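So this block is coords.cif, mmCIF, C-alpha atoms:
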data_structure
#
loop_
_atom_site.group_PDB
_atom_site.id
_atom_site.type_symbol
_atom_site.label_atom_id
_atom_site.label_comp_id
_atom_site.auth_asym_id
_atom_site.auth_seq_id
_atom_site.Cartn_x
_atom_site.Cartn_y
_atom_site.Cartn_z
ATOM 1 C CA MET A 207 -24.888 -7.775 -78.630
ATOM 2 C CA ALA A 208 -21.997 -7.289 -76.221
ATOM 3 C CA THR A 209 -21.537 -7.848 -72.523
ATOM 4 C CA ASP A 210 -20.293 -5.280 -70.031
ATOM 5 C CA LYS A 211 -17.565 -5.832 -67.416
ATOM 6 C CA THR A 212 -20.068 -7.573 -65.124
ATOM 7 C CA GLY A 213 -21.157 -9.977 -67.863
ATOM 8 C CA ALA A 214 -24.541 -8.305 -68.331
ATOM 9 C CA GLU A 215 -25.896 -8.284 -71.875
ATOM 10 C CA THR A 216 -26.077 -4.906 -73.582
ATOM 11 C CA ILE A 217 -27.869 -3.723 -76.686
ATOM 12 C CA VAL A 218 -26.997 -0.567 -78.631
ATOM 13 C CA THR A 219 -29.878 0.791 -80.677
ATOM 14 C CA ALA A 220 -29.943 3.594 -83.251
ATOM 15 C CA GLY A 221 -32.672 6.178 -82.788
ATOM 16 C CA ASP A 222 -33.499 9.651 -84.020
ATOM 17 C CA ARG A 223 -30.260 11.625 -83.547
ATOM 18 C CA THR A 224 -29.134 9.273 -80.777
ATOM 19 C CA TYR A 225 -27.830 5.820 -80.016
ATOM 20 C CA THR A 226 -28.984 4.234 -76.779
ATOM 21 C CA ILE A 227 -27.565 1.432 -74.691
ATOM 22 C CA ALA A 228 -29.691 -0.924 -72.638
ATOM 23 C CA VAL A 229 -28.592 -3.360 -69.946
ATOM 24 C CA ASP A 230 -30.961 -6.240 -69.329
ATOM 25 C CA GLY A 231 -33.673 -4.296 -71.156
ATOM 26 C CA GLU A 232 -33.211 -1.023 -69.238
ATOM 27 C CA THR A 233 -31.950 2.011 -71.173
ATOM 28 C CA VAL A 234 -29.008 3.413 -69.208
ATOM 29 C CA GLY A 235 -27.286 5.810 -71.600
ATOM 30 C CA HIS A 236 -27.190 7.585 -74.928
ATOM 31 C CA ALA A 237 -24.791 9.127 -77.449
ATOM 32 C CA ASP A 238 -26.308 12.077 -79.290
ATOM 33 C CA TYR A 239 -25.386 13.299 -82.764
ATOM 34 C CA VAL A 240 -26.427 15.567 -85.596
ATOM 35 C CA ASP A 241 -25.832 14.796 -89.247
ATOM 36 C CA ARG A 242 -24.072 17.376 -91.380
ATOM 37 C CA ASP A 243 -23.981 16.243 -94.999
ATOM 38 C CA ASP A 244 -21.827 13.097 -94.963
ATOM 39 C CA GLN A 245 -20.655 13.702 -91.393
ATOM 40 C CA ARG A 246 -22.130 12.419 -88.149
ATOM 41 C CA VAL A 247 -21.183 14.911 -85.419
ATOM 42 C CA PHE A 248 -21.231 13.293 -81.970
ATOM 43 C CA TYR A 249 -21.674 15.987 -79.330
ATOM 44 C CA HIS A 250 -22.867 14.341 -76.091
ATOM 45 C CA THR A 251 -22.614 10.954 -74.380
ATOM 46 C CA VAL A 252 -24.027 10.040 -70.982
ATOM 47 C CA ILE A 253 -24.334 6.870 -68.914
ATOM 48 C CA ASP A 254 -26.497 6.643 -65.796
ATOM 49 C CA PRO A 255 -24.023 7.020 -62.878
ATOM 50 C CA ALA A 256 -25.538 3.936 -61.211
ATOM 51 C CA PHE A 257 -24.063 1.927 -64.101
ATOM 52 C CA GLY A 258 -20.640 3.591 -64.125
ATOM 53 C CA GLY A 259 -17.381 1.659 -64.343
ATOM 54 C CA ARG A 260 -18.835 -1.158 -66.397
ATOM 55 C CA GLY A 261 -17.471 -0.119 -69.800
ATOM 56 C CA LEU A 262 -20.891 0.874 -71.080
ATOM 57 C CA ALA A 263 -19.801 4.198 -72.591
ATOM 58 C CA THR A 264 -17.172 2.407 -74.651
ATOM 59 C CA ILE A 265 -19.651 -0.232 -75.833
ATOM 60 C CA LEU A 266 -22.148 2.503 -76.692
ATOM 61 C CA VAL A 267 -19.683 4.654 -78.619
ATOM 62 C CA GLU A 268 -18.237 1.672 -80.493
ATOM 63 C CA GLY A 269 -21.771 0.725 -81.557
ATOM 64 C CA ALA A 270 -22.454 4.298 -82.653
ATOM 65 C CA LEU A 271 -19.199 4.449 -84.627
ATOM 66 C CA ASP A 272 -19.993 1.139 -86.313
ATOM 67 C CA GLY A 273 -23.459 2.464 -87.150
ATOM 68 C CA ALA A 274 -21.984 5.593 -88.702
ATOM 69 C CA ARG A 275 -19.567 3.491 -90.761
ATOM 70 C CA GLU A 276 -22.375 1.230 -91.998
ATOM 71 C CA LEU A 277 -24.256 4.320 -93.231
ATOM 72 C CA GLY A 278 -21.179 5.714 -95.001
ATOM 73 C CA LYS A 279 -20.904 8.626 -92.555
ATOM 74 C CA ARG A 280 -17.705 10.288 -91.442
ATOM 75 C CA VAL A 281 -17.377 10.884 -87.701
ATOM 76 C CA VAL A 282 -16.652 14.223 -86.030
ATOM 77 C CA PRO A 283 -15.921 13.730 -82.305
ATOM 78 C CA VAL A 284 -17.063 16.883 -80.512
ATOM 79 C CA CYS A 285 -17.882 14.753 -77.422
ATOM 80 C CA SER A 286 -14.878 13.965 -75.215
ATOM 81 C CA MET A 287 -16.028 10.374 -74.661
ATOM 82 C CA VAL A 288 -16.046 9.764 -78.400
ATOM 83 C CA VAL A 289 -12.534 11.258 -78.587
ATOM 84 C CA THR A 290 -11.381 8.858 -75.851
ATOM 85 C CA VAL A 291 -12.757 5.810 -77.659
ATOM 86 C CA LEU A 292 -11.264 6.929 -80.981
ATOM 87 C CA GLU A 293 -7.834 7.329 -79.361
ATOM 88 C CA LYS A 294 -7.993 3.667 -78.306
ATOM 89 C CA HIS A 295 -9.332 2.398 -81.643
ATOM 90 C CA PRO A 296 -7.285 3.472 -84.670
ATOM 91 C CA GLU A 297 -9.484 1.270 -86.861
ATOM 92 C CA TYR A 298 -11.861 4.235 -87.016
ATOM 93 C CA ASP A 299 -9.202 6.687 -88.241
ATOM 94 C CA ASP A 300 -10.363 6.208 -91.839
ATOM 95 C CA ILE A 301 -13.799 7.682 -91.050
ATOM 96 C CA THR A 302 -12.800 10.387 -88.547
ATOM 97 C CA ASP A 303 -12.719 14.092 -89.393
ATOM 98 C CA PRO A 304 -11.188 16.754 -87.138
ATOM 99 C CA VAL A 305 -13.262 19.088 -85.022
ATOM 100 C CA THR A 306 -12.872 22.584 -86.439
ATOM 101 C CA PRO A 307 -14.132 25.889 -85.019
ATOM 102 C CA GLU A 308 -16.650 26.017 -87.877
ATOM 103 C CA ILE A 309 -18.041 22.574 -86.955
ATOM 104 C CA GLN A 310 -18.222 23.565 -83.278
ATOM 105 C CA ARG A 311 -20.248 26.661 -84.173
ATOM 106 C CA TRP A 312 -22.459 24.645 -86.499
ATOM 107 C CA THR A 313 -23.059 21.999 -83.822
ATOM 108 C CA GLN A 314 -24.070 24.599 -81.228
ATOM 109 C CA SER A 315 -26.689 25.999 -83.559
ATOM 110 C CA HIS A 316 -28.080 22.559 -84.497
ATOM 111 C CA THR A 317 -28.351 20.825 -81.107
#
Just give me the structure as structure tokens.
Amino acid sequence: MATDKTGAETIVTAGDRTYTIAVDGETVGHADYVDRDDQRVFYHTVIDPAFGGRGLATILVEGALDGARELGKRVVPVCSMVVTVLEKHPEYDDITDPVTPEIQRWTQSHT
């Protein structure tokens, strides 16, 4: 469990092709993915605008990246928010694969 910039408790939960983040028990965002063999392709992240500026997207994506690592998945950051978090956290470089045109096409047909 982590706290956001206001000190509110957050919980990141893995679901079916998504990770969600809740603040004080209310789900306020999600990071969506599709699995492709040993890769977890993250393609969309959203936080409720009413909760913007609190660092929730970063907490959510970090939780999703940790979840992928725990499952032995490699990460492909199609989503720009995931790219932003990865740029700030080189500790995930060892599990990150580049986005290729082939993966982009594959993702479009599987989401």
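With all atoms listed in the file taken into account, the protein and nucleic acid residues at most 12 Å from stretch 256-258 of chain A (excluding it and anything under 6 positions from it in its own chain) are Asp210, Lys211, Thr212, Ala214, Thr216, Ile227, Ala228, Val229, Asp230, Glu232, Thr233, Val234, Gly235 and Thr264 of chain A.
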Quick one: residues within 7 Å of stretch 299-306 of chain A, all atoms listed in the file, excluding same-chain residues fewer than 2 positions away - as a PDB file with C-alpha atoms, keeping the file's coordinate frame?
ATOM      1  CA  ARG A 280     -17.705  10.288 -91.442  1.00  0.00           C
ATOM      2  CA  VAL A 281     -17.377  10.884 -87.701  1.00  0.00           C
ATOM      3  CA  VAL A 282     -16.652  14.223 -86.030  1.00  0.00           C
ATOM      4  CA  PRO A 283     -15.921  13.730 -82.305  1.00  0.00           C
ATOM      5  CA  VAL A 284     -17.063  16.883 -80.512  1.00  0.00           C
ATOM      6  CA  PRO A 296      -7.285   3.472 -84.670  1.00  0.00           C
ATOM      7  CA  GLU A 297      -9.484   1.270 -86.861  1.00  0.00           C
ATOM      8  CA  GLU A 308     -16.650  26.017 -87.877  1.00  0.00           C
ATOM      9  CA  ILE A 309     -18.041  22.574 -86.955  1.00  0.00           C
ATOM     10  CA  GLN A 310     -18.222  23.565 -83.278  1.00  0.00           C
TER      11      GLN A 310
END
Need to verify the contact set: A:Val218, 8 Å, all atoms listed in the file, exclusion of same-chain residues closer than 4 positions in sequence. Can you return it as a list in words? Met207, Tyr225, Thr226, Ile227, Ala228, Ile265, Leu266, Gly269 and Ala270 of chain A
Stretch 224-230 of chain A: axis-aligned bounding box, 5 Å on each side, centre and edge lengths in Å, one decimal, as AutoDock Vina command-line options:
--center_x -29.3 --center_y 1.5 --center_z -75.1 --size_x 13.4 --size_y 25.5 --size_z 21.4
Expanded to explicit residues, what is the PyMOL selection byres ((chain A and resi 279) around 10) for this file, as JSON, numbers by chain? {"A": [241, 242, 243, 244, 245, 246, 247, 271, 272, 273, 274, 275, 276, 277, 278, 280, 281, 282, 301, 302]}
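Atom pair atom CA of A:Leu262 / atom CA of A:Asp222 has a distance of 20.1 Å (rounded to one decimal).
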Which residue out of A:Val240, A:Val252, A:Val267, A:Ile217 has the minimum interatomic distance to A:His295 when all atoms listed in the file are used? A:Val267
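Atom pair atom CA of A:Ser286 / atom CA of A:Ala208: separated by 22.4 Å.
Closest approach to A:Asp238 among A:Arg311, A:Gly259, A:Cys285, A:Glu215: A:Cys285, based on all atoms listed in the file.
Of the listed residues A:Gly213, A:Glu268, A:Gln314, A:Tyr239, the one whose atoms come nearest to A:Glu293 is A:Glu268, with distances taken using all atoms listed in the file.
With atom CA of A:Tyr249 on one side and atom CA of A:Thr209 on the other, the separation reads 24.8 Å.
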